[in-house]
Structure formats: C-alpha cells, structure tokens
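Raw contents of protein_30.cif, mmCIF, C-alpha atoms, pLDDT in the B column; chains and numbers go by the auth columns:
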```
data_final
#
loop_
_atom_site.group_PDB
_atom_site.id
_atom_site.type_symbol
_atom_site.label_atom_id
_atom_site.label_comp_id
_atom_site.label_asym_id
_atom_site.label_seq_id
_atom_site.Cartn_x
_atom_site.Cartn_y
_atom_site.Cartn_z
_atom_site.B_iso_or_equiv
_atom_site.auth_seq_id
_atom_site.auth_asym_id
ATOM 1 C CA MET A 1 -5.541 -2.841 11.797 98.00 1 P
ATOM 2 C CA ARG A 2 -1.889 -3.209 10.920 98.00 2 P
ATOM 3 C CA ILE A 3 -1.163 -1.976 7.390 98.00 3 P
ATOM 4 C CA SER A 4 1.921 -3.161 5.506 98.00 4 P
ATOM 5 C CA LEU A 5 3.146 -1.960 2.140 98.00 5 P
ATOM 6 C CA ILE A 6 5.226 -4.899 0.923 98.00 6 P
ATOM 7 C CA ALA A 7 7.462 -3.738 -1.906 97.00 7 P
ATOM 8 C CA VAL A 8 10.053 -5.490 -4.048 96.00 8 P
ATOM 9 C CA GLY A 9 13.501 -3.932 -3.932 93.00 9 P
ATOM 10 C CA LYS A 10 15.432 -1.706 -1.608 92.00 10 P
ATOM 11 C CA LEU A 11 15.356 1.983 -2.427 91.00 11 P
ATOM 12 C CA GLY A 12 18.033 3.004 0.046 91.00 12 P
ATOM 13 C CA ARG A 13 18.263 6.785 0.240 91.00 13 P
ATOM 14 C CA ALA A 14 16.224 7.507 -2.887 93.00 14 P
ATOM 15 C CA PRO A 15 13.839 10.460 -2.614 94.00 15 P
ATOM 16 C CA GLU A 16 10.878 8.145 -3.231 94.00 16 P
ATOM 17 C CA ALA A 17 11.889 6.078 -0.188 96.00 17 P
ATOM 18 C CA ALA A 18 12.028 9.144 2.040 96.00 18 P
ATOM 19 C CA LEU A 19 8.667 10.375 0.769 97.00 19 P
ATOM 20 C CA ALA A 20 6.986 6.992 1.236 97.00 20 P
ATOM 21 C CA LEU A 21 8.410 6.647 4.748 97.00 21 P
ATOM 22 C CA ASP A 22 7.241 10.148 5.673 98.00 22 P
ATOM 23 C CA TYR A 23 3.658 9.406 4.595 98.00 23 P
ATOM 24 C CA ALA A 24 3.687 5.982 6.293 98.00 24 P
ATOM 25 C CA GLN A 25 4.827 7.584 9.553 98.00 25 P
ATOM 26 C CA ARG A 26 2.175 10.307 9.265 97.00 26 P
ATOM 27 C CA ALA A 27 -0.495 7.677 8.565 98.00 27 P
ATOM 28 C CA ALA A 28 0.579 5.614 11.575 97.00 28 P
ATOM 29 C CA ALA A 29 0.523 8.619 13.897 97.00 29 P
ATOM 30 C CA ALA A 30 -2.851 9.874 12.665 96.00 30 P
ATOM 31 C CA GLY A 31 -4.369 6.397 12.387 97.00 31 P
ATOM 32 C CA ARG A 32 -3.516 5.132 15.856 97.00 32 P
ATOM 33 C CA SER A 33 -6.691 6.522 17.419 96.00 33 P
ATOM 34 C CA LEU A 34 -8.755 5.133 14.531 96.00 34 P
ATOM 35 C CA GLY A 35 -7.407 1.607 14.808 96.00 35 P
ATOM 36 C CA LEU A 36 -5.411 2.012 11.594 97.00 36 P
ATOM 37 C CA ALA A 37 -1.838 1.576 12.780 95.00 37 P
ATOM 38 C CA PRO A 38 0.949 0.756 12.534 97.00 38 P
ATOM 39 C CA VAL A 39 1.628 1.525 8.897 98.00 39 P
ATOM 40 C CA GLU A 40 4.908 0.074 7.705 97.00 40 P
ATOM 41 C CA ILE A 41 6.877 -0.290 4.517 97.00 41 P
ATOM 42 C CA VAL A 42 8.434 -3.724 4.121 97.00 42 P
ATOM 43 C CA GLU A 43 11.102 -4.070 1.455 97.00 43 P
ATOM 44 C CA VAL A 44 11.725 -7.578 0.154 97.00 44 P
ATOM 45 C CA GLU A 45 14.464 -8.922 -2.082 94.00 45 P
ATOM 46 C CA ALA A 46 14.171 -11.986 -4.284 88.00 46 P
ATOM 47 C CA ARG A 47 16.929 -14.570 -4.002 87.00 47 P
ATOM 48 C CA LYS A 48 16.841 -15.150 -7.755 90.00 48 P
ATOM 49 C CA PRO A 49 15.883 -12.880 -10.656 89.00 49 P
ATOM 50 C CA GLY A 50 12.344 -12.880 -12.006 92.00 50 P
ATOM 51 C CA LYS A 51 8.780 -12.272 -10.966 95.00 51 P
ATOM 52 C CA ALA A 52 8.285 -15.791 -9.580 96.00 52 P
ATOM 53 C CA ALA A 53 11.104 -15.307 -7.073 96.00 53 P
ATOM 54 C CA GLU A 54 9.741 -11.863 -6.194 97.00 54 P
ATOM 55 C CA ALA A 55 6.328 -13.447 -5.605 97.00 55 P
ATOM 56 C CA GLU A 56 7.861 -15.938 -3.163 96.00 56 P
ATOM 57 C CA ALA A 57 9.474 -13.092 -1.215 97.00 57 P
ATOM 58 C CA ILE A 58 6.234 -11.090 -1.126 98.00 58 P
ATOM 59 C CA LEU A 59 4.019 -14.005 -0.127 98.00 59 P
ATOM 60 C CA ALA A 60 6.455 -15.034 2.612 97.00 60 P
ATOM 61 C CA ARG A 61 5.892 -11.631 4.249 97.00 61 P
ATOM 62 C CA VAL A 62 2.094 -11.538 3.848 97.00 62 P
ATOM 63 C CA GLY A 63 1.405 -14.213 6.431 92.00 63 P
ATOM 64 C CA ALA A 64 -2.235 -14.153 7.567 94.00 64 P
ATOM 65 C CA ALA A 65 -2.856 -10.605 6.331 98.00 65 P
ATOM 66 C CA ARG A 66 -5.584 -9.794 3.842 98.00 66 P
ATOM 67 C CA LEU A 67 -3.706 -9.093 0.609 98.00 67 P
ATOM 68 C CA ILE A 68 -4.411 -6.358 -1.914 98.00 68 P
ATOM 69 C CA ALA A 69 -2.171 -6.457 -4.980 98.00 69 P
ATOM 70 C CA CYS A 70 -1.239 -3.228 -6.741 97.00 70 P
ATOM 71 C CA ASP A 71 -1.769 -3.979 -10.410 94.00 71 P
ATOM 72 C CA GLU A 72 -2.490 -1.740 -13.383 90.00 72 P
ATOM 73 C CA HIS A 73 -5.575 -3.843 -14.174 92.00 73 P
ATOM 74 C CA GLY A 74 -7.001 -3.520 -10.663 95.00 74 P
ATOM 75 C CA GLN A 75 -9.913 -1.541 -9.335 96.00 75 P
ATOM 76 C CA THR A 76 -9.584 2.221 -9.026 96.00 76 P
ATOM 77 C CA PHE A 77 -10.980 4.183 -6.101 97.00 77 P
ATOM 78 C CA THR A 78 -11.554 7.809 -5.335 97.00 78 P
ATOM 79 C CA SER A 79 -9.740 8.867 -2.182 97.00 79 P
ATOM 80 C CA ARG A 80 -12.995 8.883 -0.216 97.00 80 P
ATOM 81 C CA ALA A 81 -13.931 5.414 -1.502 98.00 81 P
ATOM 82 C CA PHE A 82 -10.455 4.147 -0.579 98.00 82 P
ATOM 83 C CA ALA A 83 -10.900 5.561 2.927 98.00 83 P
ATOM 84 C CA ALA A 84 -14.298 3.872 3.183 98.00 84 P
ATOM 85 C CA LYS A 85 -12.711 0.594 2.016 98.00 85 P
ATOM 86 C CA LEU A 86 -10.061 0.736 4.749 98.00 86 P
ATOM 87 C CA ALA A 87 -12.698 1.570 7.375 98.00 87 P
ATOM 88 C CA ALA A 88 -14.925 -1.280 6.198 98.00 88 P
ATOM 89 C CA LEU A 89 -12.070 -3.792 6.358 98.00 89 P
ATOM 90 C CA ARG A 90 -11.187 -2.596 9.864 98.00 90 P
ATOM 91 C CA ASP A 91 -14.828 -2.732 10.946 98.00 91 P
ATOM 92 C CA ASP A 92 -15.192 -6.236 9.478 98.00 92 P
ATOM 93 C CA GLY A 93 -12.449 -7.430 11.814 97.00 93 P
ATOM 94 C CA VAL A 94 -9.472 -7.512 9.456 98.00 94 P
ATOM 95 C CA ARG A 95 -6.493 -7.242 11.796 98.00 95 P
ATOM 96 C CA GLU A 96 -3.739 -7.139 9.177 98.00 96 P
ATOM 97 C CA LEU A 97 -3.841 -5.671 5.689 98.00 97 P
ATOM 98 C CA ALA A 98 -0.971 -6.005 3.227 98.00 98 P
ATOM 99 C CA PHE A 99 -0.544 -4.232 -0.081 98.00 99 P
ATOM 100 C CA ALA A 100 1.853 -5.861 -2.553 98.00 100 P
ATOM 101 C CA ILE A 101 3.925 -3.695 -4.881 97.00 101 P
ATOM 102 C CA GLY A 102 5.921 -5.571 -7.490 95.00 102 P
ATOM 103 C CA GLY A 103 9.263 -4.747 -8.999 92.00 103 P
ATOM 104 C CA ALA A 104 9.974 -3.150 -12.353 88.00 104 P
ATOM 105 C CA ASP A 105 8.180 -5.960 -14.205 91.00 105 P
ATOM 106 C CA GLY A 106 5.077 -5.939 -12.018 92.00 106 P
ATOM 107 C CA LEU A 107 3.609 -8.760 -9.961 96.00 107 P
ATOM 108 C CA ASP A 108 3.657 -12.457 -10.723 97.00 108 P
ATOM 109 C CA ALA A 109 0.275 -14.144 -11.178 97.00 109 P
ATOM 110 C CA ALA A 110 0.884 -16.029 -7.915 98.00 110 P
ATOM 111 C CA VAL A 111 0.529 -12.751 -6.002 98.00 111 P
ATOM 112 C CA THR A 112 -2.527 -11.490 -7.868 97.00 112 P
ATOM 113 C CA SER A 113 -4.145 -14.916 -7.448 97.00 113 P
ATOM 114 C CA ALA A 114 -3.468 -14.908 -3.713 98.00 114 P
ATOM 115 C CA ALA A 115 -4.849 -11.383 -3.338 98.00 115 P
ATOM 116 C CA ALA A 116 -8.383 -10.748 -2.169 98.00 116 P
ATOM 117 C CA GLU A 117 -8.493 -7.890 -4.661 97.00 117 P
ATOM 118 C CA THR A 118 -6.331 -5.664 -6.810 97.00 118 P
ATOM 119 C CA LEU A 119 -5.800 -1.917 -6.730 97.00 119 P
ATOM 120 C CA ALA A 120 -4.774 0.357 -9.608 96.00 120 P
ATOM 121 C CA PHE A 121 -3.656 3.963 -9.685 94.00 121 P
ATOM 122 C CA GLY A 122 -5.328 4.515 -13.034 91.00 122 P
ATOM 123 C CA PRO A 123 -4.549 3.169 -16.486 87.00 123 P
ATOM 124 C CA GLN A 124 -1.029 4.611 -16.627 87.00 124 P
ATOM 125 C CA THR A 125 2.074 2.629 -15.784 87.00 125 P
ATOM 126 C CA TRP A 126 3.910 4.030 -12.761 90.00 126 P
ATOM 127 C CA PRO A 127 7.470 3.352 -11.593 91.00 127 P
ATOM 128 C CA HIS A 128 7.363 0.863 -8.734 89.00 128 P
ATOM 129 C CA ALA A 129 9.405 3.203 -6.509 92.00 129 P
ATOM 130 C CA LEU A 130 6.895 5.990 -7.025 95.00 130 P
ATOM 131 C CA VAL A 131 3.948 3.665 -6.336 96.00 131 P
ATOM 132 C CA ARG A 132 5.250 3.209 -2.789 96.00 132 P
ATOM 133 C CA ALA A 133 5.018 6.933 -2.168 97.00 133 P
ATOM 134 C CA MET A 134 1.636 7.195 -3.892 97.00 134 P
ATOM 135 C CA LEU A 135 0.172 4.326 -1.882 98.00 135 P
ATOM 136 C CA ALA A 136 1.599 5.589 1.409 98.00 136 P
ATOM 137 C CA GLU A 137 0.135 9.026 0.661 98.00 137 P
ATOM 138 C CA GLN A 138 -3.277 7.547 -0.119 98.00 138 P
ATOM 139 C CA VAL A 139 -3.238 5.577 3.139 98.00 139 P
ATOM 140 C CA TYR A 140 -2.387 8.806 4.963 98.00 140 P
ATOM 141 C CA ARG A 141 -5.101 10.657 3.057 98.00 141 P
ATOM 142 C CA ALA A 142 -7.620 7.909 3.925 98.00 142 P
ATOM 143 C CA VAL A 143 -6.745 8.200 7.600 98.00 143 P
ATOM 144 C CA THR A 144 -7.180 11.977 7.514 97.00 144 P
ATOM 145 C CA ILE A 145 -10.528 11.617 5.745 98.00 145 P
ATOM 146 C CA LEU A 146 -11.724 9.183 8.406 97.00 146 P
ATOM 147 C CA ALA A 147 -10.449 11.503 11.138 96.00 147 P
ATOM 148 C CA GLY A 148 -12.261 14.513 9.662 95.00 148 P
ATOM 149 C CA SER A 149 -9.029 16.378 9.019 91.00 149 P
ATOM 150 C CA PRO A 150 -8.991 19.160 6.406 89.00 150 P
ATOM 151 C CA TYR A 151 -6.027 17.587 4.538 89.00 151 P
ATOM 152 C CA HIS A 152 -8.275 16.177 1.788 86.00 152 P
ATOM 153 C CA ARG A 153 -10.259 18.611 -0.295 86.00 153 P
ATOM 154 C CA ASP A 154 -12.976 17.536 -2.709 83.00 154 P
#
```
Please render this file's structure as structure tokens.
Amino acid sequence: MRISLIAVGKLGRAPEAALALDYAQRAAAAGRSLGLAPVEIVEVEARKPGKAAEAEAILARVGAARLIACDEHGQTFTSRAFAAKLAALRDDGVRELAFAIGGADGLDAAVTSAAAETLAFGPQTWPHALVRAMLAEQVYRAVTILAGSPYHRD
C-alpha cells in the first residue's frame, strides 16, 4: 500500500522537513516487506491564498487514494491501534492511502468532506510543519509494530 503524506506548503531546509523525511524513509524501508511502501511526503502549493485553494491543491494530488484528513476534531488512536488500522486497510485491499495535512489555518471543509475519516493528534493545536514529522513518525512506528520490532514500547 502506497502511503502519501500530502502537506500544504514547502518547508525547504527546515528541521521539521528533515525529520519528517527521515521517518518517511525509515517507514518505507521497514514497510516494504509488509506491503506498506513507498511512504512519501508530497508538498503542495495553492495558486491563490486561502483554504479553498489549498483544498484544490490537496485533492488534485489524492487521486484514487483513500483519504484520511488530519484535523483536530478527528479520531485519536493509540500507536498500536493506528498500526492495526494501517494493516486493516492494507488487508482490505486499499492500494493507496493519503493523509492530508493543511496549512496554518487547517483544512477546508472540502477536504474533510472528501476524506473517509479524520485523524487527530489529541485536542491540542499543533503547527502544521510539526504535524508532518509527527505523522511520519507514527507511520514508521506503526510499521515497526507490525514488523515486531522493539522500537515501540508500551
């Protein structure tokens, strides 16, 4: 199952970008044998300002993938439950999974409406650049859980 983290904005050489890329690469390498690869970060830019234009850019990259929107009002998962969710989607035949991460103002309703479900990292508000790294790390953690690696500790 191809996993894409579709994120608004280009981080360039920011430390969050390097961290997110590192975890995405680790997840892809570890997930290959589990059918959970590649894992990629896709940065999109809106042609105009505003959440509606950002939504257009995100949805243009989703294609036929199953979409999960990162939203503060979404469902929360433990790391093990998140791993089980990814495994279940893979086992149900989902070939492409896309996570949408909005810009500084969050996601437009068009993205959350198009999403099969929403995911939250708790009730706090997180910077969108940091959410990339957090999501990439959780994908990596999920892969290691499914692989039986000692990375995750309960």
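Counting from CA of Gly35 in chain P, the distance to CA of Arg90 in chain P is 7.5 Å.
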In Å, with one decimal, what is the gap from CA of Val143 in chain P to CA of Ile41 in chain P?
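These two atoms are separated by 16.3 Å.
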On this structure, the PyMOL selection byres ((chain P and resi 123) around 10) would catch which residues? List them as number ranges by chain, sorted by chain and number.
P: 71-74, 76, 120-122, 124-126
Give the answer as one residue: which of P:Leu107, P:Ala98, P:Ala83, P:Ala129 has the shortest atom-to-atom distance to Gly50 in chain P, using only C-alpha atoms?
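Among P:Leu107, P:Ala98, P:Ala83, P:Ala129, it is P:Leu107 that comes nearest to Gly50 in chain P.
Within 12 Å of range 149-151 of chain P, once only C-alpha atoms are used and residues closer than 6 positions along the same chain are dropped, the contacting residues are Arg26, Ala30, Gly31, Ser79, Glu137, Gln138, Tyr140, Arg141, Ala142 and Val143 of chain P.
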Please evaluate the PyMOL selection byres ((chain P and resi 28) around 9) against the structure above and give the resulting residues as a list of chain:residue names.
P:Ile3, P:Tyr23, P:Ala24, P:Gln25, P:Arg26, P:Ala27, P:Ala29, P:Ala30, P:Gly31, P:Arg32, P:Leu36, P:Ala37, P:Pro38, P:Val39, P:Glu40, P:Tyr140, P:Val143
Please, what distance in Å, to one decimal, runs between CA of Leu97 in chain P and CA of Glu117 in chain P?
11.6 Å
Selection in question (the file shown): the PyMOL selection byres ((chain P and resi 63) around 12). Which residues does it include, as a ChimeraX atom specification?
/P:4,6,56-62,64-67,95-98,114-115
Closest of P:Asp105, P:Leu146, P:Thr112, P:Arg153 to Ile68 in chain P, counting only C-alpha atoms, is P:Thr112
Would you kindly return, as a PDB file with C-alpha atoms, in the frame of the given file, each protein, DNA or RNA residue with an atom no farther than 9 Å from any atom of Gly93 in chain P, considering all atoms listed in the file and excluding same-chain residues fewer than 4 positions away?
```
ATOM      1  CA  MET P   1      -5.541  -2.841  11.797  1.00 98.00           C
ATOM      2  CA  ALA P  88     -14.925  -1.280   6.198  1.00 98.00           C
ATOM      3  CA  LEU P  89     -12.070  -3.792   6.358  1.00 98.00           C
TER       4      LEU P  89
END
```
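If only C-alpha atoms are the atoms counted, then among P:Val131, P:Ala136, P:Cys70, P:Val111 the closest residue to Ala53 in chain P is P:Val111.
Of the listed residues (P:Leu130, P:Glu43, P:Leu135, P:Ile145), P:Leu130 comes nearest to Pro15 in chain P; the distances count only C-alpha atoms.
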Around all the atoms of range 25-33 of chain P listed in the file, draw an axis-aligned box and extend it by 8 Å on each of the six sides; I want its centre and edge lengths in Å to one decimal, as AutoDock Vina command-line options.
```
--center_x -0.9 --center_y 7.7 --center_z 13.0 --size_x 27.5 --size_y 21.2 --size_z 24.9
```
